[in-house]
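Notes to accompany the following structure.
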Amino acid sequence: MRFRLSRSRAQALLVVTVFFVVILLDQTIKIWVKTHMCLHQSIHITDWFYILFTENNGMAFGMELFDKIFLTTGRILLAGAVAYYISRCIRRGIKWGLLICLTLIMAGAVGNIVDCLFYGLIFNSPAPPQIASFVPFGQGYSTWFYGHVVDMFYFPLFEWVWPAWMPFCGGEHFIFFSPIFNFADACISSAVIILLLFYPKQFSSLLETNS
C-alpha cells in the first residue's frame, strides 16, 4: 500500500525543510566567517565578488535606522506573523512557489534573529587582526538582543568616478553594488522580488483573504 501525503501535509513538510536548510546554511556561513576571518578582512573571489567580513547593528545590507532592541523585536514579530500567515495559507491551498517565497522570508528573518539574540553571548569580539572565538555562554561581547549581524557577500559590479561638473556627486567615487549582505538577507530579498514579479495578484488576494 502506497502512502501519500495530503497537499497540506506535503506543503507543511516543505516549509519545515526549506526553513531548516536556510537556517543551517546561513549560520554555517556566518560562523565560518566569524571564526576564520578578522573583522574587515576580505577574500578576493573575482573582481566583482569578495567575501568581506563586516558586522552591523541594523537592518539588512548594513542599514542602521532604529535602536537595536526595536529592530530585533521587529524581526521576531515579522517571523511570527509570516509563520502564522503561512499556516493559514496552507489550509487554503497556497501555490507552491508562493509558499517557498514566504518560507524564505521567514527563514531569512530568523537567521538574522539568531545573530542578534545569541552572538553577543557566545562570541568574543577581539580587535583585528585577532579572530573571534566561542566563549562560555553569557561571557561574550554583549547581551541578549544586542548581538551583531554578520555580513560577508560583497559584489562591486561596476565602479567609476562621477564627472566633476555633475552637481552634488561630481568627482566622487561610486560603486555599484556596494551593500554587504549575508545569506539570510539574500533569501529575503530574492523572495520579495519573486513575489512582486510573479505572484502580485496571488499575494494581494492572500492578504485580503487573511486580513
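Scheme for the C-alpha cells: letters A, B, ... for chains in order shown; per-chain residue numbers from 1; ligand numbers from 1 in order shown.
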Can you pull out every residue from segment 11-120 of chain A that DSSP, working from the backbone, puts in helix (DSSP H, G or I), and format the result as a ChimeraX atom specification?
/A:11-36,60-62,68-91,96-120
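One distance worth recording is that between atom CA of Gly97 of chain A and atom CA of Leu14 of chain A, which is 11.0 Å.
Candidate residues A:Ser8, A:Thr17, A:Thr103, A:Gln130 were compared for distance to Thr35 of chain A, and the nearest is A:Gln130, using only C-alpha atoms.
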Excluding Phe123 of chain A and any residue of its chain fewer than 4 positions from it, enumerate the residues within 7 Å of it, using only C-alpha atoms, and give them as a PyMOL selection string.
chain A and resi 119+132-135+140-141
Residues of the last selection are to be written out with N, CA and C atoms, as a compact mmCIF listing (two decimals), in the first residue's frame.
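And here's selection18.txt as it stands now:
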# COMPACT_ATOMS: atom_id res chain seq x y z
N TYR A 119 24.71 35.84 19.35
CA TYR A 119 26.12 36.03 19.04
C TYR A 119 26.85 36.85 20.11
N ALA A 132 37.70 36.16 16.10
CA ALA A 132 36.74 35.86 17.17
C ALA A 132 36.69 34.36 17.43
N SER A 133 36.29 34.02 18.64
CA SER A 133 36.15 32.61 19.03
C SER A 133 34.97 32.46 19.97
N PHE A 134 34.54 31.22 20.16
CA PHE A 134 33.46 30.94 21.10
C PHE A 134 33.94 31.15 22.53
N VAL A 135 33.04 31.62 23.38
CA VAL A 135 33.32 31.79 24.81
C VAL A 135 32.20 31.12 25.59
N GLY A 140 30.22 36.73 26.41
CA GLY A 140 30.60 37.32 25.14
C GLY A 140 30.67 38.83 25.19
N TYR A 141 30.64 39.44 24.01
CA TYR A 141 30.86 40.88 23.90
C TYR A 141 29.62 41.71 24.18
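Interatomic distance, atom CA of Leu99 of chain A to atom CA of Gly111 of chain A: 18.1 Å.
Proximity of A:Leu98, A:Gly147, A:Trp162, A:Pro167 to Ile193 of chain A, computed with only C-alpha atoms, is greatest for A:Leu98.
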